[in-house]
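So this block is start-v5.cif, mmCIF, C-alpha atoms:
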data_input
loop_
_atom_site.label_atom_id
_atom_site.label_comp_id
_atom_site.auth_asym_id
_atom_site.auth_seq_id
_atom_site.Cartn_x
_atom_site.Cartn_y
_atom_site.Cartn_z
CA MET A 1 0.00 0.00 0.00
CA LEU A 2 2.82 2.40 0.87
CA ARG A 3 4.41 1.87 -2.54
CA SER A 4 1.13 2.79 -4.25
CA LEU A 5 0.87 6.02 -2.24
CA VAL A 6 4.36 7.09 -3.27
CA GLY A 7 3.16 7.86 -6.79
CA SER A 8 -0.16 9.36 -5.73
CA GLU A 9 -1.18 12.91 -4.93
CA MET A 10 -0.91 12.02 -1.24
CA CYS A 11 2.81 11.53 -1.75
CA ILE A 12 5.14 13.71 0.28
CA ARG A 13 8.21 13.19 -1.91
CA ASP A 14 8.86 16.85 -2.71
CA ARG A 15 7.77 18.34 0.59
CA PRO A 16 9.81 18.94 3.73
CA ILE A 17 9.21 16.11 6.14
CA THR A 18 10.04 15.30 9.73
CA TRP A 19 8.68 11.81 10.39
CA ILE A 20 8.63 10.51 13.97
CA ASP A 21 7.50 6.93 14.52
CA VAL A 22 6.60 6.56 18.21
CA HIS A 23 7.34 3.28 20.05
CA THR A 24 7.33 2.15 23.66
CA GLY A 25 9.16 -0.65 25.38
CA LEU A 26 12.92 -0.19 25.22
CA GLY A 27 15.09 2.01 27.39
CA GLN A 28 14.91 3.57 30.81
CA SER A 29 11.34 4.03 32.03
CA GLY A 30 9.89 7.40 31.02
CA LYS A 31 13.01 8.42 29.05
CA ASP A 32 13.00 8.74 25.29
CA THR A 33 15.61 7.98 22.67
CA LEU A 34 15.52 9.12 19.06
CA LEU A 35 16.67 6.21 16.90
CA LEU A 36 17.91 6.99 13.40
CA PRO A 37 17.31 4.50 10.59
CA ARG A 38 20.19 2.57 9.07
CA SER A 39 19.62 4.48 5.82
CA ALA A 40 19.84 7.94 7.45
CA GLN A 41 21.49 10.64 5.31
CA TYR A 42 22.08 12.87 8.36
CA SER A 43 24.18 12.64 11.48
CA ARG A 44 23.25 12.19 15.13
CA ASP A 45 24.70 15.64 15.79
CA HIS A 46 22.37 17.19 13.20
CA VAL A 47 19.33 15.49 14.73
CA HIS A 48 20.44 16.57 18.19
CA SER A 49 20.65 20.17 16.92
CA VAL A 50 17.05 19.93 15.66
CA PHE A 51 15.88 18.23 18.89
CA PRO A 52 18.24 19.68 21.55
CA GLU A 53 16.09 18.42 24.42
CA ALA A 54 16.34 14.80 23.24
CA GLU A 55 17.49 12.52 26.05
CA SER A 56 19.55 10.51 23.57
CA VAL A 57 20.06 10.14 19.82
CA GLN A 58 21.29 6.74 18.59
CA GLY A 59 21.55 4.79 15.38
CA MET A 60 19.40 1.72 14.79
CA VAL A 61 22.58 -0.36 14.99
CA ALA A 62 23.93 -0.50 18.53
CA SER A 63 27.29 1.12 19.15
CA GLY A 64 28.12 -1.38 21.86
CA ASP A 65 28.55 1.10 24.71
CA GLY A 66 26.22 -0.97 26.92
CA ASP A 67 23.47 1.64 27.10
CA ASP A 68 22.03 1.21 23.62
CA VAL A 69 18.26 1.22 23.30
CA SER A 70 18.84 0.01 19.74
CA ALA A 71 20.62 -3.21 20.78
CA GLY A 72 19.02 -5.98 18.76
CA TYR A 73 17.49 -3.80 16.05
CA GLN A 74 20.17 -5.01 13.64
CA LEU A 75 18.53 -8.44 13.86
CA THR A 76 15.05 -7.11 13.12
CA ARG A 77 13.40 -7.82 9.79
CA GLY A 78 10.50 -5.82 8.40
CA THR A 79 11.39 -2.34 9.62
CA GLN A 80 10.21 0.77 7.81
CA ASP A 81 13.59 2.32 7.09
CA GLY A 82 13.69 0.76 3.61
CA TYR A 83 10.65 2.87 2.67
CA TYR A 84 11.92 6.24 3.83
CA ALA A 85 13.80 6.95 0.60
CA LEU A 86 10.58 6.28 -1.32
CA LEU A 87 8.71 8.88 0.72
CA SER A 88 10.97 11.85 0.29
CA SER A 89 13.60 13.08 -2.12
CA GLY A 90 15.80 16.13 -1.68
CA SER A 91 13.63 17.87 0.91
CA LYS A 92 16.04 17.48 3.87
CA PRO A 93 13.98 14.74 5.51
CA ILE A 94 14.47 13.48 9.03
CA PHE A 95 13.05 10.08 9.87
CA ALA A 96 13.41 8.79 13.43
CA VAL A 97 11.84 6.45 15.94
CA GLN A 98 11.08 8.01 19.31
CA GLU A 99 11.39 5.08 21.70
CA PHE A 100 10.01 5.53 25.23
CA GLY A 101 11.33 3.20 27.89
CA THR A 102 8.88 1.20 29.97
CA VAL A 103 10.14 -1.78 31.98
CA SER A 104 13.22 -3.99 31.89
CA PRO A 105 13.96 -5.58 28.49
CA MET A 106 13.69 -9.02 30.09
CA VAL A 107 10.15 -8.23 31.29
CA VAL A 108 9.23 -7.01 27.79
CA ALA A 109 10.64 -10.16 26.17
CA ARG A 110 8.96 -12.44 28.71
CA ALA A 111 5.56 -10.80 28.18
CA MET A 112 5.82 -11.17 24.41
CA VAL A 113 6.88 -14.83 24.63
CA LEU A 114 4.04 -15.69 27.05
CA GLU A 115 1.39 -13.98 24.92
CA ASN A 116 2.73 -15.62 21.77
CA MET A 117 2.63 -19.06 23.40
CA ALA A 118 -0.94 -18.45 24.60
CA PHE A 119 -1.99 -17.27 21.13
CA HIS A 120 -0.77 -20.52 19.58
CA HIS A 121 -1.57 -22.99 22.37
CA ASP A 122 -4.27 -21.54 24.66
CA ALA A 123 -6.51 -19.12 22.77
CA VAL A 124 -9.02 -19.01 25.64
CA LYS A 125 -6.46 -17.55 28.06
CA GLN A 126 -4.62 -15.42 25.47
CA PRO A 127 -6.44 -12.20 26.52
CA VAL A 128 -5.11 -12.67 30.07
CA TRP A 129 -1.54 -12.92 28.76
CA ALA A 130 -2.16 -9.95 26.46
CA GLU A 131 -2.48 -7.83 29.61
CA TYR A 132 1.13 -8.72 30.48
CA THR A 133 2.22 -7.47 27.07
CA ARG A 134 0.18 -4.30 27.52
CA ASP A 135 1.89 -3.67 30.84
CA ALA A 136 5.29 -4.21 29.23
CA PHE A 137 4.61 -1.44 26.69
CA TYR A 138 2.43 0.90 28.75
CA VAL A 139 3.36 1.78 32.33
CA ARG A 140 0.27 2.57 34.36
CA THR A 141 1.74 5.33 36.51
CA ARG A 142 0.92 9.01 36.38
CA GLU A 143 4.61 9.93 36.27
CA TRP A 144 5.33 7.74 33.23
CA LYS A 145 2.28 9.03 31.35
CA GLN A 146 3.22 12.65 32.10
CA GLN A 147 6.81 12.14 30.99
CA VAL A 148 5.78 10.44 27.73
CA LEU A 149 3.25 13.17 26.99
CA LYS A 150 5.73 15.96 27.78
CA ARG A 151 8.57 14.44 25.71
CA GLY A 152 6.27 13.36 22.87
CA LEU A 153 4.73 16.81 22.52
CA ALA A 154 8.15 18.48 22.60
CA VAL A 155 9.33 16.37 19.66
CA LEU A 156 6.00 16.80 17.84
CA PHE A 157 6.11 20.60 18.10
CA ARG A 158 9.78 20.74 17.03
CA SER A 159 8.94 18.50 14.06
CA ILE A 160 6.07 20.73 12.95
CA ARG A 161 8.20 23.87 13.38
CA ARG A 162 11.09 22.35 11.41
CA SER A 163 8.89 21.24 8.51
CA ALA A 164 7.13 24.63 8.40
CA GLU A 165 10.46 26.50 8.33
CA LEU A 166 11.79 24.28 5.54
CA ALA A 167 8.59 24.79 3.53
CA LYS A 168 9.33 28.55 3.46
CA GLU A 169 12.72 28.01 1.79
#
Is it possible to give me this structure as structure tokens?
Amino acid sequence: MLRSLVGSEMCIRDRPITWIDVHTGLGQSGKDTLLLPRSAQYSRDHVHSVFPEAESVQGMVASGDGDDVSAGYQLTRGTQDGYYALLSSGSKPIFAVQEFGTVSPMVVARAMVLENMAFHHDAVKQPVWAEYTRDAFYVRTREWKQQVLKRGLAVLFRSIRRSAELAKE
């Protein structure tokens, strides 16, 4: 479907774009990391200059410093970064994933494995296990929700401002 939109009037190829794909699950609870796609044509420093309040800016391939939210992404298949070049050409695009931390990576992995097992082997109880997965990706505390909202809106407003400024050029 995305490929068909690229040639349509809905296409954003020649327009300035700042695309933020929001995820939860990896990283320190309530903190956000901007992850740059493997195909990025811009540096971490450039993205940090656009989003100076970003907690962290990392590539999708872990650097190995032990604090990488992106650890394991290099093994992932089916990510969107292959489509970014189709969406925009020559309009100084920035594509990033804003990843909000929730709980420990082991808790996230465990919840996903348990729900997957229930889906395949115990469909009746699968909704119960789905709650574990929900809790792995959505922390039910006021502090976490406030932090995600505050950080998400900051990046959203910067993205809108950046795209509007580029559209004037």
- Task: Give me the residues within 8 Å of A:Gly59 as a PyMOL selection string, counting all atoms listed in the file and dropping any in the same chain fewer than 4 places off.
- Result: chain A and resi 35-38+44+63+70
- Task: Name every residue that the PyMOL selection byres ((chain A and resi 98-100) around 7) selects in this structure, writing the answer as a ChimeraX atom specification with chains first and numbers rising.
- Result: /A:20-27,30-35,96-97,101-102,148
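Taking only C-alpha atoms into account, the polymer residues that have an atom no farther than 7 Å from (10.7, -5.8, 26.1) are A:Gly25, A:Leu26, A:Ser104, A:Pro105, A:Met106, A:Val107, A:Val108, A:Ala109, A:Ala136.
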- Item | Answer key for the PyMOL selection byres ((chain A and resi 18) around 8), residues as a PyMOL selection string | chain A and resi 16-17+19-20+93-95+159-160+162-163
- Item | Atom pair atom CA of A:Val50 / atom CA of A:Tyr138: separation (Å) |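 Distance reported for this atom pair: 27.3 Å.
Interatomic distance, atom CA of A:Phe157 against atom CA of A:Glu55: 16.1 Å.
Using all atoms listed in the file, the residues found no farther than 7 Å from stretch 126-133 of chain A, other than those of its own chain fewer than 2 positions away, are Ala111, Met112, Leu114, Glu115, Ala118, Phe119, Asp122, Ala123, Val124, Asp135, Ala136 and Phe137 of chain A.
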- Task: Quick one: pull the distance between atom CA of A:Arg158 and atom CA of A:Phe51, Å, one decimal.
- Result: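 Value for the atom CA of A:Arg158-atom CA of A:Phe51 distance: 6.9 Å.
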- Have a look at A:Ala54, A:Val139, A:Ala71, A:Val47 and name the one nearest to A:Arg151; count all atoms listed in the file.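 Nearest to A:Arg151: A:Ala54.
Considering the residues A:Lys92, A:His48, A:Arg134, A:Arg15 and counting all atoms listed in the file, A:Val155 has its shortest atom-to-atom contact with A:His48.
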